[in-house]
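Colleague: Next comes model-v9.cif, mmCIF, N, CA and C atoms:
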```
data_coords
loop_
_atom_site.label_atom_id
_atom_site.label_comp_id
_atom_site.auth_asym_id
_atom_site.auth_seq_id
_atom_site.Cartn_x
_atom_site.Cartn_y
_atom_site.Cartn_z
N MET D 32 1.86 14.94 2.74
CA MET D 32 2.60 13.98 3.52
C MET D 32 2.00 12.60 3.27
N ALA D 33 2.83 11.63 2.94
CA ALA D 33 2.38 10.26 2.73
C ALA D 33 1.89 9.67 4.05
N GLU D 34 0.99 8.72 3.95
CA GLU D 34 0.47 8.06 5.15
C GLU D 34 1.56 7.22 5.79
N PRO D 35 2.08 7.64 6.94
CA PRO D 35 3.10 6.85 7.62
C PRO D 35 2.47 5.69 8.38
N ASP D 36 3.26 4.67 8.65
CA ASP D 36 2.82 3.54 9.46
C ASP D 36 2.97 3.96 10.92
N LEU D 37 1.87 4.35 11.56
CA LEU D 37 1.92 4.90 12.91
C LEU D 37 1.80 3.83 13.98
N ASP D 38 2.49 4.06 15.08
CA ASP D 38 2.39 3.20 16.25
C ASP D 38 1.19 3.70 17.05
N THR D 39 0.03 3.13 16.80
CA THR D 39 -1.20 3.62 17.41
C THR D 39 -1.22 3.41 18.92
N ASP D 40 -0.47 2.43 19.43
CA ASP D 40 -0.39 2.25 20.88
C ASP D 40 0.26 3.47 21.52
N LYS D 41 1.32 4.00 20.90
CA LYS D 41 1.98 5.21 21.42
C LYS D 41 1.05 6.42 21.31
N LEU D 42 0.33 6.51 20.20
CA LEU D 42 -0.63 7.62 20.03
C LEU D 42 -1.71 7.56 21.09
N ASP D 43 -2.24 6.38 21.35
CA ASP D 43 -3.28 6.23 22.37
C ASP D 43 -2.76 6.61 23.75
N ASP D 44 -1.53 6.19 24.07
CA ASP D 44 -0.93 6.54 25.35
C ASP D 44 -0.73 8.05 25.48
N ALA D 45 -0.29 8.70 24.39
CA ALA D 45 -0.09 10.15 24.41
C ALA D 45 -1.43 10.87 24.59
N ALA D 46 -2.47 10.39 23.91
CA ALA D 46 -3.79 11.00 24.04
C ALA D 46 -4.31 10.86 25.47
N LEU D 47 -4.13 9.68 26.07
CA LEU D 47 -4.56 9.49 27.46
C LEU D 47 -3.78 10.40 28.41
N ALA D 48 -2.49 10.54 28.18
CA ALA D 48 -1.68 11.41 29.03
C ALA D 48 -2.17 12.85 28.95
N ILE D 49 -2.48 13.32 27.75
CA ILE D 49 -2.96 14.69 27.58
C ILE D 49 -4.35 14.85 28.18
N LEU D 50 -5.23 13.86 27.95
CA LEU D 50 -6.57 13.91 28.55
C LEU D 50 -6.49 13.96 30.07
N SER D 51 -5.51 13.26 30.64
CA SER D 51 -5.40 13.22 32.11
C SER D 51 -5.11 14.59 32.71
N LEU D 52 -4.64 15.53 31.91
CA LEU D 52 -4.38 16.88 32.40
C LEU D 52 -5.66 17.60 32.79
N THR D 53 -6.81 17.10 32.32
CA THR D 53 -8.10 17.72 32.65
C THR D 53 -8.91 16.86 33.62
N LEU D 54 -8.26 15.95 34.31
CA LEU D 54 -8.91 15.02 35.22
C LEU D 54 -9.67 15.76 36.32
N HIS D 55 -10.90 15.32 36.57
CA HIS D 55 -11.73 15.88 37.64
C HIS D 55 -12.76 14.84 38.06
N ASP D 56 -13.37 15.03 39.21
CA ASP D 56 -14.42 14.13 39.71
C ASP D 56 -13.99 12.66 39.68
N GLY D 57 -12.77 12.41 40.09
CA GLY D 57 -12.29 11.03 40.17
C GLY D 57 -11.70 10.50 38.88
N ASN D 58 -12.56 10.17 37.90
CA ASN D 58 -12.06 9.58 36.66
C ASN D 58 -12.58 10.27 35.40
N ARG D 59 -13.13 11.47 35.53
CA ARG D 59 -13.68 12.20 34.38
C ARG D 59 -12.62 13.10 33.78
N VAL D 60 -12.62 13.20 32.44
CA VAL D 60 -11.73 14.13 31.73
C VAL D 60 -12.54 14.87 30.67
N TRP D 61 -12.10 16.05 30.32
CA TRP D 61 -12.73 16.82 29.25
C TRP D 61 -12.26 16.29 27.91
N LYS D 62 -13.13 16.36 26.90
CA LYS D 62 -12.77 15.90 25.56
C LYS D 62 -11.75 16.82 24.90
N GLY D 63 -11.75 18.07 25.23
CA GLY D 63 -10.86 19.04 24.60
C GLY D 63 -9.48 19.06 25.25
N ILE D 64 -8.56 19.67 24.59
CA ILE D 64 -7.19 19.79 25.09
C ILE D 64 -7.13 20.86 26.18
N ASP D 65 -6.26 20.65 27.14
CA ASP D 65 -6.10 21.59 28.25
C ASP D 65 -5.74 22.98 27.72
N TRP D 66 -6.37 24.01 28.24
CA TRP D 66 -6.16 25.38 27.75
C TRP D 66 -4.74 25.86 27.96
N SER D 67 -4.08 25.41 29.00
CA SER D 67 -2.70 25.85 29.20
C SER D 67 -1.80 25.37 28.06
N ILE D 68 -2.14 24.21 27.47
CA ILE D 68 -1.38 23.71 26.33
C ILE D 68 -1.60 24.62 25.12
N THR D 69 -2.87 24.96 24.85
CA THR D 69 -3.13 25.83 23.70
C THR D 69 -2.52 27.22 23.91
N ASP D 70 -2.52 27.69 25.15
CA ASP D 70 -1.88 28.98 25.43
C ASP D 70 -0.38 28.93 25.11
N ARG D 71 0.28 27.84 25.50
CA ARG D 71 1.72 27.70 25.22
C ARG D 71 1.98 27.57 23.72
N LEU D 72 1.15 26.79 23.03
CA LEU D 72 1.32 26.64 21.58
C LEU D 72 1.15 27.98 20.87
N HIS D 73 0.19 28.78 21.33
CA HIS D 73 -0.02 30.10 20.75
C HIS D 73 1.18 31.01 21.03
N ALA D 74 1.67 30.99 22.27
CA ALA D 74 2.83 31.82 22.63
C ALA D 74 4.06 31.45 21.81
N LYS D 75 4.17 30.18 21.41
CA LYS D 75 5.29 29.73 20.59
C LYS D 75 5.08 30.00 19.10
N GLY D 76 3.90 30.52 18.74
CA GLY D 76 3.61 30.81 17.34
C GLY D 76 3.25 29.58 16.52
N LEU D 77 2.80 28.51 17.18
CA LEU D 77 2.49 27.27 16.47
C LEU D 77 1.01 27.13 16.11
N ILE D 78 0.14 27.89 16.81
CA ILE D 78 -1.27 27.96 16.45
C ILE D 78 -1.69 29.42 16.48
N HIS D 79 -2.77 29.70 15.75
CA HIS D 79 -3.35 31.04 15.81
C HIS D 79 -4.12 31.17 17.11
N ASP D 80 -4.49 32.38 17.47
CA ASP D 80 -5.15 32.66 18.75
C ASP D 80 -6.30 31.68 19.01
N PRO D 81 -6.24 30.91 20.09
CA PRO D 81 -7.26 29.91 20.35
C PRO D 81 -8.54 30.45 21.00
N ILE D 82 -8.54 31.73 21.37
CA ILE D 82 -9.70 32.31 22.05
C ILE D 82 -10.81 32.55 21.04
N GLY D 83 -11.99 32.11 21.38
CA GLY D 83 -13.15 32.30 20.51
C GLY D 83 -14.13 31.15 20.65
N LYS D 84 -15.19 31.19 19.86
CA LYS D 84 -16.24 30.17 19.94
C LYS D 84 -15.96 28.96 19.07
N ALA D 85 -14.99 29.06 18.16
CA ALA D 85 -14.71 27.94 17.26
C ALA D 85 -14.24 26.73 18.05
N LYS D 86 -14.68 25.55 17.62
CA LYS D 86 -14.28 24.32 18.29
C LYS D 86 -12.99 23.75 17.71
N SER D 87 -12.45 24.40 16.69
CA SER D 87 -11.22 23.93 16.08
C SER D 87 -10.12 24.99 16.24
N LEU D 88 -8.89 24.56 16.04
CA LEU D 88 -7.72 25.44 16.10
C LEU D 88 -7.09 25.50 14.73
N ALA D 89 -6.41 26.60 14.42
CA ALA D 89 -5.70 26.73 13.16
C ALA D 89 -4.20 26.74 13.43
N LEU D 90 -3.50 25.82 12.77
CA LEU D 90 -2.05 25.77 12.90
C LEU D 90 -1.42 26.86 12.04
N THR D 91 -0.32 27.43 12.51
CA THR D 91 0.46 28.34 11.68
C THR D 91 1.33 27.48 10.75
N GLU D 92 2.03 28.10 9.82
CA GLU D 92 2.95 27.33 8.95
C GLU D 92 3.99 26.61 9.80
N ASP D 93 4.56 27.32 10.79
CA ASP D 93 5.53 26.69 11.68
C ASP D 93 4.89 25.55 12.49
N GLY D 94 3.66 25.75 12.92
CA GLY D 94 2.96 24.74 13.69
C GLY D 94 2.69 23.49 12.86
N LEU D 95 2.30 23.67 11.61
CA LEU D 95 2.05 22.53 10.73
C LEU D 95 3.34 21.75 10.51
N ALA D 96 4.43 22.45 10.26
CA ALA D 96 5.72 21.78 10.05
C ALA D 96 6.15 21.03 11.31
N ARG D 97 5.99 21.65 12.47
CA ARG D 97 6.37 21.01 13.73
C ARG D 97 5.48 19.80 14.03
N ALA D 98 4.18 19.93 13.73
CA ALA D 98 3.25 18.81 13.95
C ALA D 98 3.63 17.61 13.10
N GLU D 99 3.94 17.84 11.83
CA GLU D 99 4.34 16.75 10.94
C GLU D 99 5.64 16.11 11.41
N ALA D 100 6.61 16.94 11.81
CA ALA D 100 7.89 16.41 12.29
C ALA D 100 7.71 15.62 13.58
N ALA D 101 6.89 16.13 14.50
CA ALA D 101 6.67 15.45 15.77
C ALA D 101 5.96 14.12 15.56
N LEU D 102 5.00 14.09 14.64
CA LEU D 102 4.29 12.85 14.36
C LEU D 102 5.26 11.76 13.90
N VAL D 103 6.16 12.13 13.00
CA VAL D 103 7.14 11.17 12.51
C VAL D 103 8.12 10.80 13.62
N GLU D 104 8.64 11.79 14.31
CA GLU D 104 9.65 11.56 15.35
C GLU D 104 9.12 10.69 16.48
N LEU D 105 7.91 10.93 16.90
CA LEU D 105 7.38 10.27 18.08
C LEU D 105 6.58 8.99 17.81
N PHE D 106 5.94 8.90 16.64
CA PHE D 106 4.94 7.85 16.48
C PHE D 106 5.05 6.97 15.24
N VAL D 107 5.98 7.23 14.33
CA VAL D 107 6.10 6.37 13.16
C VAL D 107 6.85 5.11 13.53
N LYS D 108 6.31 3.97 13.13
CA LYS D 108 6.96 2.69 13.38
C LYS D 108 8.20 2.58 12.52
N LEU D 109 9.25 2.05 13.07
CA LEU D 109 10.48 1.82 12.33
C LEU D 109 10.31 0.58 11.47
N SER D 110 10.87 0.64 10.28
CA SER D 110 10.78 -0.49 9.36
C SER D 110 11.80 -1.55 9.74
N ASP D 111 11.40 -2.82 9.65
CA ASP D 111 12.32 -3.92 9.88
C ASP D 111 13.18 -4.19 8.66
N ASP D 112 12.72 -3.72 7.51
CA ASP D 112 13.42 -3.95 6.25
C ASP D 112 14.30 -2.74 5.96
N PRO D 113 15.65 -2.88 6.00
CA PRO D 113 16.53 -1.73 5.78
C PRO D 113 16.41 -1.12 4.39
N LYS D 114 15.84 -1.87 3.43
CA LYS D 114 15.68 -1.36 2.07
C LYS D 114 14.41 -0.53 1.92
N ARG D 115 13.49 -0.67 2.90
CA ARG D 115 12.21 0.03 2.83
C ARG D 115 12.19 1.16 3.84
N PRO D 116 11.91 2.39 3.38
CA PRO D 116 11.84 3.51 4.34
C PRO D 116 10.68 3.33 5.31
N ALA D 117 10.82 3.92 6.48
CA ALA D 117 9.79 3.81 7.52
C ALA D 117 8.52 4.54 7.14
N THR D 118 8.63 5.61 6.35
CA THR D 118 7.42 6.37 5.96
C THR D 118 7.16 6.25 4.49
#
```
Would you write the structure of this file as structure tokens?

Modeller:
Amino acid sequence: MAEPDLDTDKLDDAALAILSLTLHDGNRVWKGIDWSITDRLHAKGLIHDPIGKAKSLALTEDGLARAEAALVELFVKLSDDPKRPAT
């Protein structure tokens, strides 16, 4: 996938929204993603089983395709030049 021109403000807002799902002790959040999200992604077949000691997750083929599509759909900046593609 070519490097798209991403709207980092939208990415930052999305990251904050997801981090807020683990809010505790007033203003503290966990660095990792909420487990209920990983459980849903696994149930949808988008990631391999997240249970274990590994600190990383493995995307399935469907998950990788959906991740790439979502990144473009949600966060790629639109081009002002109609002759130039956005990505």

Colleague: Just the residues within 9 Å of range 63-67 of chain D, please, counting only C-alpha atoms, with nothing from its chain fewer than 5 positions along; format it as a VMD selection string.

Modeller: chain D and resid 49 to 50 52 to 53 72 81 86

Colleague: Apply the PyMOL selection byres ((chain D and resi 108) around 5) to the structure shown and report the selected residues as a VMD selection string.

Modeller: chain D and resid 36 to 38 106 to 107 109 to 110

Colleague: May I ask for the distance between CA of Val60 in chain D and CA of Leu77 in chain D, given in Å to one decimal place?

Modeller: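 About the pair CA of Val60 in chain D and CA of Leu77 in chain D: they are 24.7 Å apart.
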
Colleague: Here's a test: counting only C-alpha atoms, identify every protein, DNA and RNA residue with an atom at most 12 Å from (4.1, 13.0, 13.7) in the file's coordinate frame, and state them as JSON, numbers by chain.

Modeller: {"D": [32, 33, 34, 35, 36, 37, 38, 39, 41, 42, 45, 94, 95, 96, 97, 98, 99, 100, 101, 102, 103, 104, 105, 106, 107, 108, 118]}

Colleague: Please save N, CA and C atoms of the selected residues as an mmCIF file, in the frame of the given file.

Modeller:
```
data_model
loop_
_atom_site.group_PDB
_atom_site.id
_atom_site.type_symbol
_atom_site.label_atom_id
_atom_site.label_comp_id
_atom_site.auth_asym_id
_atom_site.auth_seq_id
_atom_site.Cartn_x
_atom_site.Cartn_y
_atom_site.Cartn_z
ATOM 1 N N MET D 32 1.860 14.940 2.740
ATOM 2 C CA MET D 32 2.600 13.980 3.520
ATOM 3 C C MET D 32 2.000 12.600 3.270
ATOM 4 N N ALA D 33 2.830 11.630 2.940
ATOM 5 C CA ALA D 33 2.380 10.260 2.730
ATOM 6 C C ALA D 33 1.890 9.670 4.050
ATOM 7 N N GLU D 34 0.990 8.720 3.950
ATOM 8 C CA GLU D 34 0.470 8.060 5.150
ATOM 9 C C GLU D 34 1.560 7.220 5.790
ATOM 10 N N PRO D 35 2.080 7.640 6.940
ATOM 11 C CA PRO D 35 3.100 6.850 7.620
ATOM 12 C C PRO D 35 2.470 5.690 8.380
ATOM 13 N N ASP D 36 3.260 4.670 8.650
ATOM 14 C CA ASP D 36 2.820 3.540 9.460
ATOM 15 C C ASP D 36 2.970 3.960 10.920
ATOM 16 N N LEU D 37 1.870 4.350 11.560
ATOM 17 C CA LEU D 37 1.920 4.900 12.910
ATOM 18 C C LEU D 37 1.800 3.830 13.980
ATOM 19 N N ASP D 38 2.490 4.060 15.080
ATOM 20 C CA ASP D 38 2.390 3.200 16.250
ATOM 21 C C ASP D 38 1.190 3.700 17.050
ATOM 22 N N THR D 39 0.030 3.130 16.800
ATOM 23 C CA THR D 39 -1.200 3.620 17.410
ATOM 24 C C THR D 39 -1.220 3.410 18.920
ATOM 25 N N LYS D 41 1.320 4.000 20.900
ATOM 26 C CA LYS D 41 1.980 5.210 21.420
ATOM 27 C C LYS D 41 1.050 6.420 21.310
ATOM 28 N N LEU D 42 0.330 6.510 20.200
ATOM 29 C CA LEU D 42 -0.630 7.620 20.030
ATOM 30 C C LEU D 42 -1.710 7.560 21.090
ATOM 31 N N ALA D 45 -0.290 8.700 24.390
ATOM 32 C CA ALA D 45 -0.090 10.150 24.410
ATOM 33 C C ALA D 45 -1.430 10.870 24.590
ATOM 34 N N GLY D 94 3.660 25.750 12.920
ATOM 35 C CA GLY D 94 2.960 24.740 13.690
ATOM 36 C C GLY D 94 2.690 23.490 12.860
ATOM 37 N N LEU D 95 2.300 23.670 11.610
ATOM 38 C CA LEU D 95 2.050 22.530 10.730
ATOM 39 C C LEU D 95 3.340 21.750 10.510
ATOM 40 N N ALA D 96 4.430 22.450 10.260
ATOM 41 C CA ALA D 96 5.720 21.780 10.050
ATOM 42 C C ALA D 96 6.150 21.030 11.310
ATOM 43 N N ARG D 97 5.990 21.650 12.470
ATOM 44 C CA ARG D 97 6.370 21.010 13.730
ATOM 45 C C ARG D 97 5.480 19.800 14.030
ATOM 46 N N ALA D 98 4.180 19.930 13.730
ATOM 47 C CA ALA D 98 3.250 18.810 13.950
ATOM 48 C C ALA D 98 3.630 17.610 13.100
ATOM 49 N N GLU D 99 3.940 17.840 11.830
ATOM 50 C CA GLU D 99 4.340 16.750 10.940
ATOM 51 C C GLU D 99 5.640 16.110 11.410
ATOM 52 N N ALA D 100 6.610 16.940 11.810
ATOM 53 C CA ALA D 100 7.890 16.410 12.290
ATOM 54 C C ALA D 100 7.710 15.620 13.580
ATOM 55 N N ALA D 101 6.890 16.130 14.500
ATOM 56 C CA ALA D 101 6.670 15.450 15.770
ATOM 57 C C ALA D 101 5.960 14.120 15.560
ATOM 58 N N LEU D 102 5.000 14.090 14.640
ATOM 59 C CA LEU D 102 4.290 12.850 14.360
ATOM 60 C C LEU D 102 5.260 11.760 13.900
ATOM 61 N N VAL D 103 6.160 12.130 13.000
ATOM 62 C CA VAL D 103 7.140 11.170 12.510
ATOM 63 C C VAL D 103 8.120 10.800 13.620
ATOM 64 N N GLU D 104 8.640 11.790 14.310
ATOM 65 C CA GLU D 104 9.650 11.560 15.350
ATOM 66 C C GLU D 104 9.120 10.690 16.480
ATOM 67 N N LEU D 105 7.910 10.930 16.900
ATOM 68 C CA LEU D 105 7.380 10.270 18.080
ATOM 69 C C LEU D 105 6.580 8.990 17.810
ATOM 70 N N PHE D 106 5.940 8.900 16.640
ATOM 71 C CA PHE D 106 4.940 7.850 16.480
ATOM 72 C C PHE D 106 5.050 6.970 15.240
ATOM 73 N N VAL D 107 5.980 7.230 14.330
ATOM 74 C CA VAL D 107 6.100 6.370 13.160
ATOM 75 C C VAL D 107 6.850 5.110 13.530
ATOM 76 N N LYS D 108 6.310 3.970 13.130
ATOM 77 C CA LYS D 108 6.960 2.690 13.380
ATOM 78 C C LYS D 108 8.200 2.580 12.520
ATOM 79 N N THR D 118 8.630 5.610 6.350
ATOM 80 C CA THR D 118 7.420 6.370 5.960
ATOM 81 C C THR D 118 7.160 6.250 4.490
#
```

Colleague: Please measure the separation of CA of Ser87 in chain D and atom N of Gly57 in chain D, giving the value in Å to one decimal.

Modeller: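 It comes out at 26.7 Å.
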
Colleague: Write down as a ChimeraX atom specification the residues of chain D whose backbone DSSP state falls under strand (DSSP E or B).

Modeller: /D:37,55,59,78,90,107

Colleague: CA of Leu88 in chain D and atom C of Gly76 in chain D, how far apart in Å?

Modeller: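 Value for the atom C of Gly76 in chain D-CA of Leu88 in chain D distance: 11.7 Å.
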
Colleague: From a DSSP pass on the backbone, collect the residues of chain D flagged as helix (DSSP H, G or I) and hand them back as a PyMOL selection string.

Modeller: chain D and resi 39-53+66-74+92-106

Colleague: Using all atoms listed in the file, what residues lie at most 8 Å away from (-7.2, 29.2, 11.8) (file coordinates), given as JSON, numbers by chain?

Modeller: {"D": [78, 79, 80, 87, 88, 89, 90, 91]}
